[in-house]
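Peer 1: This is data.cif, which holds mmCIF, C-alpha atoms:
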data_protein
loop_
_atom_site.label_atom_id
_atom_site.label_comp_id
_atom_site.auth_asym_id
_atom_site.auth_seq_id
_atom_site.Cartn_x
_atom_site.Cartn_y
_atom_site.Cartn_z
CA GLY A 1 -54.64 -41.78 -41.62
CA ASP A 2 -57.43 -40.14 -39.71
CA SER A 3 -57.22 -36.38 -39.24
CA VAL A 4 -59.12 -33.38 -37.96
CA THR A 5 -58.99 -29.87 -39.38
CA GLN A 6 -60.42 -27.00 -37.43
CA MET A 7 -60.67 -23.31 -37.92
CA GLU A 8 -57.49 -21.52 -37.06
CA GLY A 9 -57.72 -18.86 -34.45
CA PRO A 10 -57.59 -16.75 -32.60
CA VAL A 11 -61.26 -15.80 -32.60
CA THR A 12 -62.30 -12.65 -30.77
CA LEU A 13 -65.97 -11.91 -30.10
CA SER A 14 -68.02 -9.55 -28.02
CA GLU A 15 -70.22 -10.90 -25.28
CA GLU A 16 -73.57 -12.24 -26.54
CA ALA A 17 -72.23 -12.76 -30.08
CA PHE A 18 -72.91 -15.96 -32.01
CA LEU A 19 -70.05 -18.43 -32.16
CA THR A 20 -69.17 -20.95 -34.83
CA ILE A 21 -65.92 -22.91 -34.84
CA ASN A 22 -65.61 -25.11 -37.91
CA CYS A 23 -64.33 -28.66 -37.71
CA THR A 24 -64.04 -31.21 -40.52
CA TYR A 25 -62.57 -34.66 -40.37
CA THR A 26 -61.08 -37.35 -42.56
CA ALA A 27 -61.61 -40.90 -41.38
CA THR A 28 -62.42 -44.37 -42.54
CA GLY A 29 -65.52 -45.88 -41.06
CA TYR A 30 -67.69 -44.12 -38.53
CA PRO A 31 -65.69 -42.28 -35.90
CA SER A 32 -67.01 -40.75 -32.71
CA LEU A 33 -66.58 -36.98 -32.57
CA PHE A 34 -65.74 -34.75 -29.63
CA TRP A 35 -65.21 -31.16 -28.62
CA TYR A 36 -62.82 -30.55 -25.74
CA VAL A 37 -62.24 -27.20 -24.05
CA GLN A 38 -59.17 -26.01 -22.18
CA TYR A 39 -59.55 -23.08 -19.79
CA PRO A 40 -56.38 -21.22 -18.79
CA GLY A 41 -54.19 -23.29 -16.46
CA GLU A 42 -56.44 -26.35 -16.65
CA GLY A 43 -56.55 -29.66 -18.49
CA LEU A 44 -58.66 -30.46 -21.53
CA GLN A 45 -62.28 -31.11 -20.53
CA LEU A 46 -64.85 -32.92 -22.61
CA LEU A 47 -67.46 -30.38 -23.72
CA LEU A 48 -69.69 -32.58 -25.86
CA LYS A 49 -69.64 -35.62 -28.08
CA ALA A 50 -71.59 -37.45 -30.79
CA THR A 51 -71.15 -41.09 -31.66
CA LYS A 52 -73.15 -41.50 -34.87
CA ALA A 53 -74.33 -39.55 -37.88
CA ASP A 54 -77.00 -36.88 -37.23
CA ASP A 55 -76.42 -37.04 -33.47
CA LYS A 56 -76.33 -33.65 -31.78
CA GLY A 57 -74.09 -33.17 -28.79
CA SER A 58 -74.89 -30.32 -26.44
CA ASN A 59 -73.61 -28.91 -23.16
CA LYS A 60 -73.47 -25.48 -21.47
CA GLY A 61 -75.29 -23.86 -24.41
CA PHE A 62 -72.84 -25.29 -26.96
CA GLU A 63 -74.04 -27.61 -29.73
CA ALA A 64 -72.50 -29.61 -32.53
CA THR A 65 -74.16 -31.95 -35.03
CA TYR A 66 -72.40 -34.95 -36.59
CA ARG A 67 -72.76 -34.44 -40.35
CA LYS A 68 -71.52 -37.46 -42.23
CA GLU A 69 -72.34 -36.05 -45.67
CA THR A 70 -70.04 -33.06 -45.11
CA THR A 71 -67.70 -34.84 -42.65
CA SER A 72 -68.17 -31.95 -40.25
CA PHE A 73 -68.82 -31.31 -36.56
CA HIS A 74 -69.02 -27.54 -36.20
CA LEU A 75 -69.31 -26.06 -32.72
CA GLU A 76 -71.94 -23.36 -32.16
CA LYS A 77 -73.22 -21.22 -29.33
CA GLY A 78 -75.92 -18.65 -29.66
CA SER A 79 -74.65 -16.14 -27.11
CA VAL A 80 -71.10 -16.34 -25.78
CA GLN A 81 -69.98 -15.11 -22.38
CA VAL A 82 -66.63 -13.84 -21.13
CA SER A 83 -66.30 -17.11 -19.20
CA ASP A 84 -66.30 -19.04 -22.51
CA SER A 85 -62.83 -17.69 -23.30
CA ALA A 86 -60.70 -20.80 -23.76
CA VAL A 87 -59.07 -23.02 -26.35
CA TYR A 88 -61.46 -25.41 -28.12
CA PHE A 89 -60.28 -28.71 -29.62
CA CYS A 90 -62.17 -30.90 -32.06
CA ALA A 91 -61.27 -34.61 -31.93
CA LEU A 92 -62.27 -38.00 -33.24
CA SER A 93 -61.84 -41.58 -32.15
CA GLN A 94 -62.29 -44.78 -34.08
CA GLY A 95 -63.72 -48.04 -32.84
CA GLY A 96 -60.95 -50.47 -31.96
CA SER A 97 -58.56 -47.67 -30.98
CA GLU A 98 -58.25 -45.85 -27.68
CA LYS A 99 -56.55 -42.79 -29.05
CA LEU A 100 -58.10 -39.41 -29.67
CA VAL A 101 -57.06 -37.62 -32.87
CA PHE A 102 -57.13 -33.86 -32.31
CA GLY A 103 -57.23 -30.73 -34.35
CA LYS A 104 -54.86 -27.86 -33.59
CA GLY A 105 -57.23 -26.01 -31.30
CA THR A 106 -58.95 -22.64 -31.67
CA LYS A 107 -58.41 -19.94 -29.10
CA LEU A 108 -61.56 -17.97 -28.32
CA THR A 109 -61.49 -14.64 -26.52
CA VAL A 110 -64.77 -13.05 -25.51
CA ASN A 111 -64.67 -9.37 -24.57
CA PRO A 112 -67.24 -7.71 -22.30
CA GLU B 1 -64.61 -33.26 -8.34
CA PRO B 2 -61.76 -35.73 -8.96
CA GLU B 3 -59.09 -34.53 -11.34
CA VAL B 4 -55.91 -35.65 -13.02
CA THR B 5 -52.83 -33.90 -11.70
CA GLN B 6 -49.40 -33.54 -13.30
CA THR B 7 -46.02 -32.50 -11.98
CA PRO B 8 -44.01 -30.49 -12.61
CA SER B 9 -45.94 -27.82 -14.49
CA HIS B 10 -42.76 -26.78 -16.28
CA GLN B 11 -39.53 -28.74 -16.73
CA VAL B 12 -36.38 -27.36 -18.31
CA THR B 13 -33.62 -29.81 -19.23
CA GLN B 14 -30.47 -30.04 -21.28
CA MET B 15 -30.41 -32.07 -24.49
CA GLY B 16 -29.39 -35.67 -23.79
CA GLN B 17 -30.68 -35.68 -20.22
CA GLU B 18 -33.35 -38.02 -18.93
CA VAL B 19 -36.65 -36.61 -17.73
CA ILE B 20 -39.57 -38.16 -15.91
CA LEU B 21 -42.97 -36.57 -16.13
CA ARG B 22 -45.42 -37.55 -13.45
CA CYS B 23 -49.16 -37.91 -13.41
CA VAL B 24 -51.70 -38.92 -10.80
CA PRO B 25 -54.79 -40.25 -12.61
CA ILE B 26 -58.27 -40.27 -11.11
CA SER B 27 -58.28 -42.97 -8.45
CA ASN B 28 -60.83 -45.46 -9.83
CA HIS B 29 -59.65 -45.16 -13.43
CA LEU B 30 -57.99 -48.11 -15.11
CA TYR B 31 -56.84 -46.72 -18.48
CA PHE B 32 -54.07 -44.17 -18.80
CA TYR B 33 -52.76 -42.11 -21.69
CA TRP B 34 -50.04 -39.65 -22.67
CA TYR B 35 -50.44 -37.04 -25.38
CA ARG B 36 -48.19 -34.18 -26.41
CA GLN B 37 -48.59 -30.87 -28.20
CA ILE B 38 -45.64 -29.20 -29.85
CA LEU B 39 -46.16 -25.45 -29.94
CA GLY B 40 -48.45 -24.48 -32.79
CA GLN B 41 -49.21 -28.07 -33.73
CA LYS B 42 -51.89 -30.63 -32.97
CA VAL B 43 -52.29 -32.60 -29.78
CA GLU B 44 -50.83 -36.03 -30.64
CA PHE B 45 -51.44 -39.39 -29.01
CA LEU B 46 -48.33 -41.09 -27.63
CA VAL B 47 -49.41 -44.17 -25.70
CA SER B 48 -52.17 -45.90 -23.77
CA PHE B 49 -51.64 -48.18 -20.79
CA TYR B 50 -53.84 -50.75 -19.06
CA ASN B 51 -53.19 -53.53 -16.59
CA ASN B 52 -49.50 -52.64 -16.42
CA GLU B 53 -49.01 -52.98 -20.14
CA ILE B 54 -48.91 -50.70 -23.13
CA SER B 55 -52.12 -51.32 -25.05
CA GLU B 56 -51.53 -48.95 -27.96
CA LYS B 57 -48.73 -46.63 -29.04
CA SER B 58 -48.05 -44.22 -31.85
CA GLU B 59 -45.06 -43.98 -34.18
CA ILE B 60 -43.77 -41.13 -32.03
CA PHE B 61 -43.43 -43.44 -29.03
CA ASP B 62 -40.05 -44.95 -29.89
CA ASP B 63 -37.41 -46.58 -27.71
CA GLN B 64 -36.55 -43.25 -26.10
CA PHE B 65 -39.91 -43.25 -24.35
CA SER B 66 -41.22 -45.50 -21.63
CA VAL B 67 -44.18 -45.50 -19.28
CA GLU B 68 -44.64 -46.99 -15.87
CA ARG B 69 -47.11 -47.21 -13.07
CA PRO B 70 -44.64 -47.55 -10.18
CA ASP B 71 -47.27 -47.64 -7.44
CA GLY B 72 -51.02 -47.53 -7.06
CA SER B 73 -51.36 -43.85 -7.85
CA ASN B 74 -48.64 -42.52 -10.15
CA PHE B 75 -48.27 -42.91 -13.90
CA THR B 76 -44.98 -41.72 -15.39
CA LEU B 77 -43.55 -40.93 -18.79
CA LYS B 78 -39.79 -41.20 -19.11
CA ILE B 79 -37.75 -39.78 -21.96
CA ARG B 80 -34.29 -41.35 -21.80
CA SER B 81 -32.21 -38.91 -23.80
CA THR B 82 -34.07 -35.75 -24.62
CA LYS B 83 -33.81 -34.03 -27.99
CA LEU B 84 -34.65 -30.45 -28.91
CA GLU B 85 -37.71 -31.69 -30.77
CA ASP B 86 -39.10 -33.24 -27.57
CA SER B 87 -39.94 -29.72 -26.38
CA ALA B 88 -43.71 -29.74 -26.04
CA MET B 89 -46.64 -29.73 -23.65
CA TYR B 90 -47.27 -33.25 -22.37
CA PHE B 91 -50.76 -34.18 -21.25
CA CYS B 92 -51.71 -37.17 -19.15
CA ALA B 93 -55.25 -38.55 -19.29
CA SER B 94 -57.21 -41.34 -17.68
CA SER B 95 -60.54 -43.07 -18.19
CA GLU B 96 -62.62 -45.48 -16.18
CA ARG B 97 -63.27 -47.89 -19.01
CA GLN B 98 -61.95 -48.66 -22.41
CA GLY B 99 -63.74 -47.61 -25.52
CA VAL B 100 -64.12 -44.66 -27.77
CA THR B 101 -67.20 -43.36 -26.00
CA ASP B 102 -65.75 -43.35 -22.51
CA THR B 103 -64.53 -39.93 -21.46
CA GLN B 104 -60.83 -39.31 -21.14
CA TYR B 105 -60.04 -36.86 -18.34
CA PHE B 106 -56.95 -34.73 -18.93
CA GLY B 107 -54.44 -33.14 -16.62
CA PRO B 108 -53.25 -29.53 -17.02
CA GLY B 109 -50.05 -30.59 -18.74
CA THR B 110 -46.31 -30.36 -18.19
CA ARG B 111 -44.41 -27.98 -20.42
CA LEU B 112 -41.05 -29.57 -21.29
CA THR B 113 -38.33 -27.30 -22.64
CA VAL B 114 -35.18 -28.95 -23.97
CA LEU B 115 -32.20 -26.63 -24.37
#
Can the structure in the file be given as structure tokens, please?

Peer 2:
Amino acid sequence: GDSVTQMEGPVTLSEEAFLTINCTYTATGYPSLFWYVQYPGEGLQLLLKATKADDKGSNKGFEATYRKETTSFHLEKGSVQVSDSAVYFCALSQGGSEKLVFGKGTKLTVNP
Amino acid sequence: EPEVTQTPSHQVTQMGQEVILRCVPISNHLYFYWYRQILGQKVEFLVSFYNNEISEKSEIFDDQFSVERPDGSNFTLKIRSTKLEDSAMYFCASSERQGVTDTQYFGPGTRLTVL
């Protein structure tokens, strides 16, 4: 079945460092891809999404590009802030299904 | 901003007991979901619900589980006879429309501990 594999954490960075969280997927067809973020004590929030190959999703300085050739959707940010400390989840969804298939999540801690 | 709420935030129960986890979806949303995350594992889809019917469910969602929308605002997940392996964080979500590109909005979760 469909699956998502993402970089295991935790990841600890200093403020203003460059962030990459790797995400690869296995799926039949052409899934839509998502990054969700969970801040402490809150629910998962959609951060960005891409629905077809070569699409780039972006939000709050974060970006991810849908790469069909490498089945990847890596999350990047050029300069992280303390407020970006959270757990980041990569996910996919297939046409015809309502469910999201998630990776395990990567905990990011940004130190001042 | 509207949000999905869940109660309780933490539920402790004895094995074999029934539990009901409660969710209040965003008011104009029509599609509702439950997911769970066992500690250290992936967030897993359990069930989706629309128009008072289950529209999709996973293999995890067996006869021990049921969902209900008892009134116009609540959406509940019932586990009839809890097992140790049901210990997990349970997330409720809702969306306005169906479809893979419509955003699912998640609640903060209920941590269920089965002793």

Peer 1: For the file shown, report as a PDB file with C-alpha atoms, in the coordinates of the input the outcome of the PyMOL selection byres ((chain A and resi 45-49) around 10) at residue level.

Peer 2:
ATOM      1  CA  SER A  32     -67.010 -40.750 -32.710  1.00  0.00           C
ATOM      2  CA  LEU A  33     -66.580 -36.980 -32.570  1.00  0.00           C
ATOM      3  CA  PHE A  34     -65.740 -34.750 -29.630  1.00  0.00           C
ATOM      4  CA  TRP A  35     -65.210 -31.160 -28.620  1.00  0.00           C
ATOM      5  CA  TYR A  36     -62.820 -30.550 -25.740  1.00  0.00           C
ATOM      6  CA  VAL A  37     -62.240 -27.200 -24.050  1.00  0.00           C
ATOM      7  CA  GLN A  38     -59.170 -26.010 -22.180  1.00  0.00           C
ATOM      8  CA  TYR A  39     -59.550 -23.080 -19.790  1.00  0.00           C
ATOM      9  CA  GLU A  42     -56.440 -26.350 -16.650  1.00  0.00           C
ATOM     10  CA  GLY A  43     -56.550 -29.660 -18.490  1.00  0.00           C
ATOM     11  CA  LEU A  44     -58.660 -30.460 -21.530  1.00  0.00           C
ATOM     12  CA  ALA A  50     -71.590 -37.450 -30.790  1.00  0.00           C
ATOM     13  CA  THR A  51     -71.150 -41.090 -31.660  1.00  0.00           C
ATOM     14  CA  LYS A  52     -73.150 -41.500 -34.870  1.00  0.00           C
ATOM     15  CA  ASP A  55     -76.420 -37.040 -33.470  1.00  0.00           C
ATOM     16  CA  LYS A  56     -76.330 -33.650 -31.780  1.00  0.00           C
ATOM     17  CA  GLY A  57     -74.090 -33.170 -28.790  1.00  0.00           C
ATOM     18  CA  SER A  58     -74.890 -30.320 -26.440  1.00  0.00           C
ATOM     19  CA  ASN A  59     -73.610 -28.910 -23.160  1.00  0.00           C
ATOM     20  CA  LYS A  60     -73.470 -25.480 -21.470  1.00  0.00           C
ATOM     21  CA  PHE A  62     -72.840 -25.290 -26.960  1.00  0.00           C
ATOM     22  CA  GLU A  63     -74.040 -27.610 -29.730  1.00  0.00           C
ATOM     23  CA  ALA A  64     -72.500 -29.610 -32.530  1.00  0.00           C
ATOM     24  CA  THR A  65     -74.160 -31.950 -35.030  1.00  0.00           C
ATOM     25  CA  TYR A  66     -72.400 -34.950 -36.590  1.00  0.00           C
ATOM     26  CA  PHE A  73     -68.820 -31.310 -36.560  1.00  0.00           C
ATOM     27  CA  LEU A  75     -69.310 -26.060 -32.720  1.00  0.00           C
ATOM     28  CA  TYR A  88     -61.460 -25.410 -28.120  1.00  0.00           C
ATOM     29  CA  PHE A  89     -60.280 -28.710 -29.620  1.00  0.00           C
ATOM     30  CA  CYS A  90     -62.170 -30.900 -32.060  1.00  0.00           C
ATOM     31  CA  ALA A  91     -61.270 -34.610 -31.930  1.00  0.00           C
ATOM     32  CA  LEU A  92     -62.270 -38.000 -33.240  1.00  0.00           C
TER      33      LEU A  92
ATOM     34  CA  THR B 101     -67.200 -43.360 -26.000  1.00  0.00           C
ATOM     35  CA  THR B 103     -64.530 -39.930 -21.460  1.00  0.00           C
ATOM     36  CA  GLN B 104     -60.830 -39.310 -21.140  1.00  0.00           C
ATOM     37  CA  TYR B 105     -60.040 -36.860 -18.340  1.00  0.00           C
ATOM     38  CA  PHE B 106     -56.950 -34.730 -18.930  1.00  0.00           C
ATOM     39  CA  GLY B 107     -54.440 -33.140 -16.620  1.00  0.00           C
ATOM     40  CA  PRO B 108     -53.250 -29.530 -17.020  1.00  0.00           C
TER      41      PRO B 108
END

Peer 1: Which residues would end up in the selection if the PyMOL selection byres ((chain B) within 10 of (chain A)) were applied here, given that I need the answer as a PDB file with C-alpha atoms, keeping the file's coordinate frame?

Peer 2:
ATOM      1  CA  GLU B   3     -59.090 -34.530 -11.340  1.00  0.00           C
ATOM      2  CA  VAL B   4     -55.910 -35.650 -13.020  1.00  0.00           C
ATOM      3  CA  THR B   5     -52.830 -33.900 -11.700  1.00  0.00           C
ATOM      4  CA  GLN B   6     -49.400 -33.540 -13.300  1.00  0.00           C
ATOM      5  CA  SER B   9     -45.940 -27.820 -14.490  1.00  0.00           C
ATOM      6  CA  TYR B  31     -56.840 -46.720 -18.480  1.00  0.00           C
ATOM      7  CA  PHE B  32     -54.070 -44.170 -18.800  1.00  0.00           C
ATOM      8  CA  TYR B  33     -52.760 -42.110 -21.690  1.00  0.00           C
ATOM      9  CA  TRP B  34     -50.040 -39.650 -22.670  1.00  0.00           C
ATOM     10  CA  TYR B  35     -50.440 -37.040 -25.380  1.00  0.00           C
ATOM     11  CA  GLN B  37     -48.590 -30.870 -28.200  1.00  0.00           C
ATOM     12  CA  LEU B  39     -46.160 -25.450 -29.940  1.00  0.00           C
ATOM     13  CA  GLY B  40     -48.450 -24.480 -32.790  1.00  0.00           C
ATOM     14  CA  GLN B  41     -49.210 -28.070 -33.730  1.00  0.00           C
ATOM     15  CA  LYS B  42     -51.890 -30.630 -32.970  1.00  0.00           C
ATOM     16  CA  VAL B  43     -52.290 -32.600 -29.780  1.00  0.00           C
ATOM     17  CA  GLU B  44     -50.830 -36.030 -30.640  1.00  0.00           C
ATOM     18  CA  PHE B  45     -51.440 -39.390 -29.010  1.00  0.00           C
ATOM     19  CA  LEU B  46     -48.330 -41.090 -27.630  1.00  0.00           C
ATOM     20  CA  VAL B  47     -49.410 -44.170 -25.700  1.00  0.00           C
ATOM     21  CA  SER B  48     -52.170 -45.900 -23.770  1.00  0.00           C
ATOM     22  CA  PHE B  49     -51.640 -48.180 -20.790  1.00  0.00           C
ATOM     23  CA  SER B  55     -52.120 -51.320 -25.050  1.00  0.00           C
ATOM     24  CA  GLU B  56     -51.530 -48.950 -27.960  1.00  0.00           C
ATOM     25  CA  LYS B  57     -48.730 -46.630 -29.040  1.00  0.00           C
ATOM     26  CA  SER B  58     -48.050 -44.220 -31.850  1.00  0.00           C
ATOM     27  CA  PHE B  91     -50.760 -34.180 -21.250  1.00  0.00           C
ATOM     28  CA  CYS B  92     -51.710 -37.170 -19.150  1.00  0.00           C
ATOM     29  CA  ALA B  93     -55.250 -38.550 -19.290  1.00  0.00           C
ATOM     30  CA  GLN B  98     -61.950 -48.660 -22.410  1.00  0.00           C
ATOM     31  CA  GLY B  99     -63.740 -47.610 -25.520  1.00  0.00           C
ATOM     32  CA  VAL B 100     -64.120 -44.660 -27.770  1.00  0.00           C
ATOM     33  CA  THR B 101     -67.200 -43.360 -26.000  1.00  0.00           C
ATOM     34  CA  ASP B 102     -65.750 -43.350 -22.510  1.00  0.00           C
ATOM     35  CA  THR B 103     -64.530 -39.930 -21.460  1.00  0.00           C
ATOM     36  CA  GLN B 104     -60.830 -39.310 -21.140  1.00  0.00           C
ATOM     37  CA  TYR B 105     -60.040 -36.860 -18.340  1.00  0.00           C
ATOM     38  CA  PHE B 106     -56.950 -34.730 -18.930  1.00  0.00           C
ATOM     39  CA  GLY B 107     -54.440 -33.140 -16.620  1.00  0.00           C
ATOM     40  CA  PRO B 108     -53.250 -29.530 -17.020  1.00  0.00           C
ATOM     41  CA  GLY B 109     -50.050 -30.590 -18.740  1.00  0.00           C
TER      42      GLY B 109
END

Peer 1: Show which residues sit within 9 Å of A:Gly1, as a VMD selection string. Count all atoms listed in the file, and ignore same-chain residues fewer than 4 positions away.

Peer 2: chain A and resid 26 to 28

Peer 1: Give me the residues near B:Leu77 as a PDB file with C-alpha atoms, in the frame of the given file, where near means some atom within 8 Å (using only C-alpha atoms) and where sequence neighbours in that chain fewer than 6 positions away do not count.

Peer 2:
ATOM      1  CA  ILE B  20     -39.570 -38.160 -15.910  1.00  0.00           C
ATOM      2  CA  LEU B  21     -42.970 -36.570 -16.130  1.00  0.00           C
ATOM      3  CA  ARG B  22     -45.420 -37.550 -13.450  1.00  0.00           C
ATOM      4  CA  TRP B  34     -50.040 -39.650 -22.670  1.00  0.00           C
ATOM      5  CA  PHE B  65     -39.910 -43.250 -24.350  1.00  0.00           C
ATOM      6  CA  SER B  66     -41.220 -45.500 -21.630  1.00  0.00           C
ATOM      7  CA  VAL B  67     -44.180 -45.500 -19.280  1.00  0.00           C
ATOM      8  CA  GLU B  68     -44.640 -46.990 -15.870  1.00  0.00           C
TER       9      GLU B  68
END

Peer 1: In Å to one decimal, how far is atom CA of B:Ser27 from atom CA of B:Glu1?

Peer 2: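 Answer for the atom CA of B:Glu1 to atom CA of B:Ser27 separation: 11.6 Å.
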
Peer 1: Mind giving me the straight-line distance from atom CA of B:Gln64 to atom CA of B:Gln14 in Å, one decimal?

Peer 2: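 Between atom CA of B:Gln64 and atom CA of B:Gln14 the gap works out to 15.3 Å.
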
Peer 1: Could you check how far atom CA of A:Val110 sits from atom CA of A:Val87, in Å to one decimal?

Peer 2: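 These two atoms are separated by 11.5 Å.
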
Peer 1: Smallest atom-to-atom distance to B:Arg69: which of B:Ala88, B:Val24, B:Ser95, B:Leu112, using all atoms listed in the file?

Peer 2: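 Ranking B:Ala88, B:Val24, B:Ser95, B:Leu112 by distance to B:Arg69, first place goes to B:Val24.
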
Peer 1: Apply the PyMOL selection byres ((chain B and resi 96) around 6) to the displayed file and report the matching residues as a list in words.

Peer 2: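 Applying the PyMOL selection byres ((chain B and resi 96) around 6) to the structure shown produces His29, Leu30, Ser95 and Arg97 of chain B.
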
Peer 1: Those residues with C-alpha atoms, as a PDB file, keeping the file's coordinate frame please?

Peer 2:
ATOM      1  CA  HIS B  29     -59.650 -45.160 -13.430  1.00  0.00           C
ATOM      2  CA  LEU B  30     -57.990 -48.110 -15.110  1.00  0.00           C
ATOM      3  CA  SER B  95     -60.540 -43.070 -18.190  1.00  0.00           C
ATOM      4  CA  ARG B  97     -63.270 -47.890 -19.010  1.00  0.00           C
TER       5      ARG B  97
END

Peer 1: Counting only C-alpha atoms, what is within 7 Å of A:Thr109, bar same-chain residues fewer than 5 positions away, as a PyMOL selection string?

Peer 2: chain A and resi 11-13+85-86

Peer 1: Just want the 12 Å neighbourhood of B:Glu85, counted on all atoms listed in the file, with same-chain residues fewer than 6 positions away dropped. Output as a list in words.

Peer 2: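 The neighbour list is Met15, Gly16, Arg36, Gln37, Ile38, Leu39, Ile60, Ile79, Leu112, Thr113, Val114 and Leu115 of chain B.
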
Peer 1: So, with only C-alpha atoms as the atoms that count, which of B:Ile26, B:Ser94, B:Asp63, B:Tyr50 lies closest to B:Thr82?

Peer 2: B:Asp63

Peer 1: Starting from the sparse input, extend stretch 30-36 of chain A to all heavy atoms and give the output as an mmCIF file, in the coordinates of the input.

Peer 2:
data_model
loop_
_atom_site.group_PDB
_atom_site.id
_atom_site.type_symbol
_atom_site.label_atom_id
_atom_site.label_comp_id
_atom_site.auth_asym_id
_atom_site.auth_seq_id
_atom_site.Cartn_x
_atom_site.Cartn_y
_atom_site.Cartn_z
ATOM 1 N N TYR A 30 -66.765 -45.024 -39.215
ATOM 2 C CA TYR A 30 -67.690 -44.120 -38.530
ATOM 3 C C TYR A 30 -67.120 -43.724 -37.180
ATOM 4 O O TYR A 30 -67.405 -44.358 -36.163
ATOM 5 C CB TYR A 30 -69.051 -44.819 -38.374
ATOM 6 C CG TYR A 30 -69.622 -45.254 -39.701
ATOM 7 C CD1 TYR A 30 -69.412 -46.531 -40.193
ATOM 8 C CD2 TYR A 30 -70.341 -44.358 -40.483
ATOM 9 C CE1 TYR A 30 -69.910 -46.922 -41.421
ATOM 10 C CE2 TYR A 30 -70.852 -44.736 -41.712
ATOM 11 C CZ TYR A 30 -70.626 -46.014 -42.176
ATOM 12 O OH TYR A 30 -71.115 -46.400 -43.403
ATOM 13 N N PRO A 31 -66.325 -42.671 -37.166
ATOM 14 C CA PRO A 31 -65.690 -42.280 -35.900
ATOM 15 C C PRO A 31 -66.686 -41.650 -34.932
ATOM 16 O O PRO A 31 -67.769 -41.219 -35.334
ATOM 17 C CB PRO A 31 -64.663 -41.238 -36.346
ATOM 18 C CG PRO A 31 -65.256 -40.630 -37.572
ATOM 19 C CD PRO A 31 -65.960 -41.754 -38.270
ATOM 20 N N SER A 32 -66.330 -41.600 -33.678
ATOM 21 C CA SER A 32 -67.010 -40.750 -32.710
ATOM 22 C C SER A 32 -66.324 -39.391 -32.722
ATOM 23 O O SER A 32 -65.116 -39.301 -32.942
ATOM 24 C CB SER A 32 -66.917 -41.366 -31.311
ATOM 25 O OG SER A 32 -67.647 -42.570 -31.253
ATOM 26 N N LEU A 33 -67.094 -38.345 -32.479
ATOM 27 C CA LEU A 33 -66.580 -36.980 -32.570
ATOM 28 C C LEU A 33 -66.752 -36.254 -31.251
ATOM 29 O O LEU A 33 -67.750 -36.469 -30.539
ATOM 30 C CB LEU A 33 -67.293 -36.221 -33.697
ATOM 31 C CG LEU A 33 -67.186 -36.845 -35.089
ATOM 32 C CD1 LEU A 33 -68.059 -36.093 -36.080
ATOM 33 C CD2 LEU A 33 -65.732 -36.857 -35.568
ATOM 34 N N PHE A 34 -65.787 -35.408 -30.938
ATOM 35 C CA PHE A 34 -65.740 -34.750 -29.630
ATOM 36 C C PHE A 34 -65.340 -33.278 -29.792
ATOM 37 O O PHE A 34 -64.595 -32.918 -30.716
ATOM 38 C CB PHE A 34 -64.682 -35.410 -28.726
ATOM 39 C CG PHE A 34 -64.817 -36.892 -28.572
ATOM 40 C CD1 PHE A 34 -64.307 -37.760 -29.528
ATOM 41 C CD2 PHE A 34 -65.437 -37.421 -27.464
ATOM 42 C CE1 PHE A 34 -64.419 -39.128 -29.386
ATOM 43 C CE2 PHE A 34 -65.555 -38.795 -27.306
ATOM 44 C CZ PHE A 34 -65.046 -39.651 -28.272
ATOM 45 N N TRP A 35 -65.793 -32.480 -28.850
ATOM 46 C CA TRP A 35 -65.210 -31.160 -28.620
ATOM 47 C C TRP A 35 -64.706 -31.132 -27.186
ATOM 48 O O TRP A 35 -65.446 -31.457 -26.241
ATOM 49 C CB TRP A 35 -66.237 -30.044 -28.824
ATOM 50 C CG TRP A 35 -66.388 -29.644 -30.256
ATOM 51 C CD1 TRP A 35 -67.364 -30.022 -31.121
ATOM 52 C CD2 TRP A 35 -65.519 -28.780 -30.998
ATOM 53 N NE1 TRP A 35 -67.154 -29.454 -32.361
ATOM 54 C CE2 TRP A 35 -66.029 -28.683 -32.311
ATOM 55 C CE3 TRP A 35 -64.354 -28.071 -30.685
ATOM 56 C CZ2 TRP A 35 -65.417 -27.913 -33.301
ATOM 57 C CZ3 TRP A 35 -63.752 -27.309 -31.662
ATOM 58 C CH2 TRP A 35 -64.280 -27.232 -32.965
ATOM 59 N N TYR A 36 -63.426 -30.760 -27.051
ATOM 60 C CA TYR A 36 -62.820 -30.550 -25.740
ATOM 61 C C TYR A 36 -62.545 -29.057 -25.590
ATOM 62 O O TYR A 36 -62.296 -28.344 -26.565
ATOM 63 C CB TYR A 36 -61.498 -31.318 -25.624
ATOM 64 C CG TYR A 36 -61.643 -32.759 -25.205
ATOM 65 C CD1 TYR A 36 -62.014 -33.738 -26.131
ATOM 66 C CD2 TYR A 36 -61.426 -33.157 -23.894
ATOM 67 C CE1 TYR A 36 -62.147 -35.063 -25.746
ATOM 68 C CE2 TYR A 36 -61.559 -34.475 -23.499
ATOM 69 C CZ TYR A 36 -61.920 -35.422 -24.432
ATOM 70 O OH TYR A 36 -62.050 -36.731 -24.035
#
